[in-house]
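Trainee: A single structure is presented below for examination.
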Amino acid sequence: MPVLATVLGHPRIGIARDLKKALEAYWSGATSAESLLATAQEIRSRHWSMMKEAGLDQIPCNDFSLYDHMLDMAVTVGAIPSRFQRIADPLNRYFAMARGVQDRGAGIDLSPLEMTKWFDTNYHYIVPELSADQSFVLNPTKIAAELAEAQALGIAPRPVFPGPVTFLKLSKYADDVPAGTDPLELLPRLLPVYEELLALLAGHGVTSLQLDEPCLCFDLDARSEEAYREALSRLGHAAKRPTLLVAAYFGSIGDNQRLVTDSGCEALHLDLVRAPGDLEAVLAALPAGMKLSLGVVDGRNVWRSDLEQTHRMVRRAVTALGAERVMVASSCSLLHVPVDLDAETRLDPELKSWMAFAAQKVAEVRLLADAAEQEEPQGAAFDQAAAALARRRAAAAVANPLVRRRAEQVTNAMTRRGAPFAERSAKQKRRFDLPLLPTTTIGSFPQSREVREARSKWRGGTLDGEGYQGFLQGEIRRCIEKQEQLGLDVLVHGEFERTDMVEYFGEQLEGFAFTQNGWVQSYGSRCVKPPVLYGDVTRPRPMTVEWSGFAQSLSKRPVKGMLTGPVTILQWSFVRNDQPRSETCRQIALALRDEVADLERAGIAMIQVDEPAIREGLPLRRRDWPEYLEWAVASFCLATAGVTDETQIHTHMCYSEFGDILPAIVAMDADVLSIESSRSRMELLSHFRQHGYPNDVGPGIYDIHSPRVPTVEEMTTLLQLAAEVLPVERLWVNPDCGLKTRGWPEIEASLANMVQAARQVRRQRSPG
Ligand code: GLN
Ligand code: ZN
């Protein structure tokens, strides 16, 4: 039997973001459920047909989702929190779990399930919420329908499900369950439902099934190992079932491979892009008869594969195992890349020839599988790929000697501020003369319809540059006035000129390119279009100085300059893979360092460099943490440490729990850190209590993810709580994140309350 070609999953959103549009139309009440479901079906069959035509041997199914695959699994195993059970219509219940429902008239106010980042990606999954007495019951509606659809198209698909251990490890207990209880305890109750599912699918003619177990790439404690042993051997020995492919990805499976190789499952998938070193160890240990799926085509990036090199890996596996035991695959689901490069008509043709989106990656997988039995791969496709790679390596656009030289000359001293925090802080206190508990915001104010309209008119040419600039200046002026009226102490300009905090800088830096349709799903109907960072990074001219200077000219109070940090720019772009990420990050940091210097020179006395993505870049394996954190922190410091003691550096972080990287955050040595914390009721403070925090910090006290206006009392309580843990002289008062997605009325009310809360606590706490 020849080597099989497959992928672990396909993008869902559709080339024209069809799913996004259909979802949003349905949510707004403009279209019916039937029309939404018809679009979803149309997207699925289009993608199946594409994969079939491209010649994949095993085609995924159930990788599609109307919102999220973890939410789908929760529904499939009947993990529906009780508050949603009274919603009778399954589709509305599903979306209520994802998005919450608020109907004041009817007295309904259901908060959605939590959402968090999927491993080290920018995709967010819905966190299943389990009750203390959770039981599970199989609901096969979704898979049965999608299976029937695929079969009707003449496709015998390989269904995909999150495996039971990953499902439980990524779930959480509801708030009323005593802390310290581990969802893995529920495994014995969950496994029968998986067994039932396997039997049912076997009955429907499914011969092969993919269980996604990316948690196999974590360092596992004894309990998780035990859970894997129990789960995989139980499913491996189930009486009636398809063959099982256990998929590990996003990192190295390392020693955890034996949890799969001992299990009786038929196949193991490895991420050989992230962990090429796993191949030899697994080849040595794979039991006779077990198949190996080689994740050699990068599912996380947009570059064409180095076919020669990947071919060598495939050859190595084929020689060791025989062709019949080898599959060629994407490293992970293609969910994380855009659909089709052919839809890009404006990319530079040279750059485009270096790239591959999902459709092109499917073709690469096929090609590699076909060539698996040739010693030297031949044919036009291989030649073309090799030529493109050679051109890419030689391209002048990629390497800029000046940037290289400068990066080499970076010294440790450049990553350290002139004086320690205590000294800087004293100087800054004299310079700014702020009250106790100074109030500020995180940067953005509402991107209203007017702002978006003006921008699209300007982009479309119906508003000239001057008109657009005048419009934005008007917005900044109003925003500054509002903040002064509200009584905020440290102001921001509002970021009206930015659509996106990474795109805005990418567009002004050299080394970045932009796609027309390169969307990837972030969560639900939300998509992002990451810039493509392909070459050495330079800053041809100042990027923010004019806006910040203008804003500062309007007020006597300090207005913070506002930049996106190097790690976040890196993390939210498709990054070149021809040099270490650390190197690319350093180049971005140097460009930002110049921007910081220009801002300082222009009289901007406080400069905020946002790093919301620093936690999500953390590798899955702890042994890889120190290296990542070292260069990530060094990049931030390189960008910010060039200023004088009197210039105050702020940073901001959100979207994650930061407890486990606190020492790295301390090492960033920002003068002021504003950090998301209100949703978790200041959970972060317990980390601060244990380890302290040496510089100024503003734990967010206003949850901006909800349109709710927090009361003065709520916020004073949170502030008091913070003041018990950290010295009040080092505390700031701010929301959790930027206000871009909120509306003005609720913001004004909330910020007025926030300022009020600060004043109250100030009165209680000020000495004398
Ligand atoms: N300064 C940015 C803003 O306020 C920060 C955004 C973020 O943290 N994601 O919008
Ligand atoms: Zn934020």
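FYI, nothing fancy with the structure tokens labels: chains A, B, ... in order, residues from 1 per chain, ligands from 1 as they appear.
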Dump the neighbourhood of ligand 1 as a list in words: all residues within 8 Å, distances computed on only C-alpha atoms and all ligand atoms.
Mentor: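 Counting only what the definition allows, namely only C-alpha atoms and all ligand atoms, the set is Thr441, Ile442, Gly443, Ser444, Phe445, Gly494, Glu495, Met501, Met562, Leu563, Thr564, Gln608, Asp610, Glu611, Pro612, His652, Met653, Cys654, Tyr655, Cys737, Gly738, Leu739 and Lys740 of chain A.
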Trainee: Report as JSON, numbers by chain all protein, DNA and RNA residues lying within 7 Å of A:Met543, evaluated on only C-alpha atoms, omitting residues in the same chain fewer than 2 positions from it.
Mentor: {"A": [508, 541, 545]}
Trainee: Would you export the selected residues with N, CA, C and O atoms as a compact mmCIF listing (two decimals), in the first residue's frame, please?
Mentor:
# COMPACT_ATOMS: atom_id res chain seq x y z
N GLN A 508 3.70 50.22 8.60
CA GLN A 508 4.70 51.29 8.54
C GLN A 508 6.13 50.80 8.60
O GLN A 508 7.06 51.57 8.43
N ARG A 541 10.53 55.69 8.91
CA ARG A 541 10.27 56.99 9.52
C ARG A 541 9.46 56.81 10.79
O ARG A 541 8.88 55.74 11.00
N VAL A 545 4.76 59.51 16.26
CA VAL A 545 5.19 60.72 16.95
C VAL A 545 4.24 61.89 16.69
O VAL A 545 3.90 62.66 17.59
Trainee: Set the distance at 10 Å and use only C-alpha atoms: which residues neighbour A:Pro287 once local chain neighbours fewer than 6 positions away are removed? I'd like the list as a short mmCIF file (atom, residue, chain, number, x, y, z; two decimals) with all heavy atoms, in the first residue's frame.
Mentor:
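Generated file (result_35.cif):
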data_model
loop_
_atom_site.label_atom_id
_atom_site.label_comp_id
_atom_site.auth_asym_id
_atom_site.auth_seq_id
_atom_site.Cartn_x
_atom_site.Cartn_y
_atom_site.Cartn_z
N ARG A 258 5.13 6.88 24.84
CA ARG A 258 4.81 5.50 25.27
C ARG A 258 3.36 5.38 25.73
O ARG A 258 2.78 4.32 25.75
CB ARG A 258 5.81 5.01 26.32
CG ARG A 258 5.80 5.73 27.57
CD ARG A 258 7.10 5.67 28.35
NE ARG A 258 7.15 6.93 29.04
CZ ARG A 258 6.38 7.22 30.09
NH1 ARG A 258 5.58 6.33 30.61
NH2 ARG A 258 6.43 8.41 30.64
N THR A 261 2.02 4.47 22.39
CA THR A 261 2.53 3.23 21.78
C THR A 261 2.12 2.00 22.59
O THR A 261 2.04 0.91 22.05
CB THR A 261 4.07 3.28 21.60
OG1 THR A 261 4.66 3.65 22.85
CG2 THR A 261 4.46 4.29 20.55
N ASP A 262 1.86 2.18 23.88
CA ASP A 262 1.41 1.05 24.71
C ASP A 262 -0.09 0.79 24.66
O ASP A 262 -0.59 -0.08 25.34
CB ASP A 262 1.77 1.31 26.19
CG ASP A 262 3.27 1.27 26.43
OD1 ASP A 262 3.99 0.84 25.51
OD2 ASP A 262 3.71 1.69 27.52
N GLY A 264 -2.57 0.21 22.22
CA GLY A 264 -3.44 -0.59 21.36
C GLY A 264 -4.12 0.25 20.28
O GLY A 264 -4.85 -0.28 19.46
N GLU A 266 -4.11 2.39 16.76
CA GLU A 266 -3.44 1.94 15.54
C GLU A 266 -2.44 2.93 14.98
O GLU A 266 -1.57 2.56 14.19
CB GLU A 266 -4.46 1.64 14.43
CG GLU A 266 -5.20 0.33 14.61
CD GLU A 266 -6.25 0.37 15.70
OE1 GLU A 266 -6.59 1.49 16.17
OE2 GLU A 266 -6.72 -0.69 16.12
#
Trainee: Counting only C-alpha atoms, what is within 8 Å of A:Ile649, bar same-chain residues fewer than 2 positions away, as a ChimeraX atom specification?
Mentor: /A:606-609,640,647,651,670-672
Trainee: Counting only C-alpha atoms, which residue out of A:Thr310, A:Ser525, A:Thr499, A:Ser555 sits closest to A:Phe382?
Mentor: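 Checking each candidate against A:Phe382, we get A:Thr310 as the closest.
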Trainee: May I ask which of the residues A:Ala397, A:Ala634, A:Leu434, A:Ala359 is the closest one to A:Val7, counting only C-alpha atoms?
Mentor: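 Comparing A:Ala397, A:Ala634, A:Leu434, A:Ala359 against A:Val7, the winner is A:Ala359.
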Trainee: May I ask which of the residues A:Gly105, A:Pro735, A:Gly474, A:Pro188 is the closest one to ligand 2, counting only C-alpha atoms and all ligand atoms?
Mentor: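 Using only C-alpha atoms and all ligand atoms, ligand 2 sits closest to A:Pro735.
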Trainee: List the neighbours of A:Ile87 out to 12 Å using only C-alpha atoms; skip same-chain residues closer than 6 positions along the sequence, and give me the result as JSON, numbers by chain.
Mentor: {"A": [80, 81, 93, 94, 95, 96, 97, 100, 101, 108, 110]}
Trainee: What is the distance between atom CA of A:Tyr67 and atom CA of A:Ile13, in Å to one decimal?
Mentor: 9.8 Å
Trainee: What is the distance between atom CA of A:Gln409 and atom CA of A:Ile665, in Å to one decimal?
Mentor: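 Separation of atom CA of A:Gln409 and atom CA of A:Ile665: 25.0 Å.
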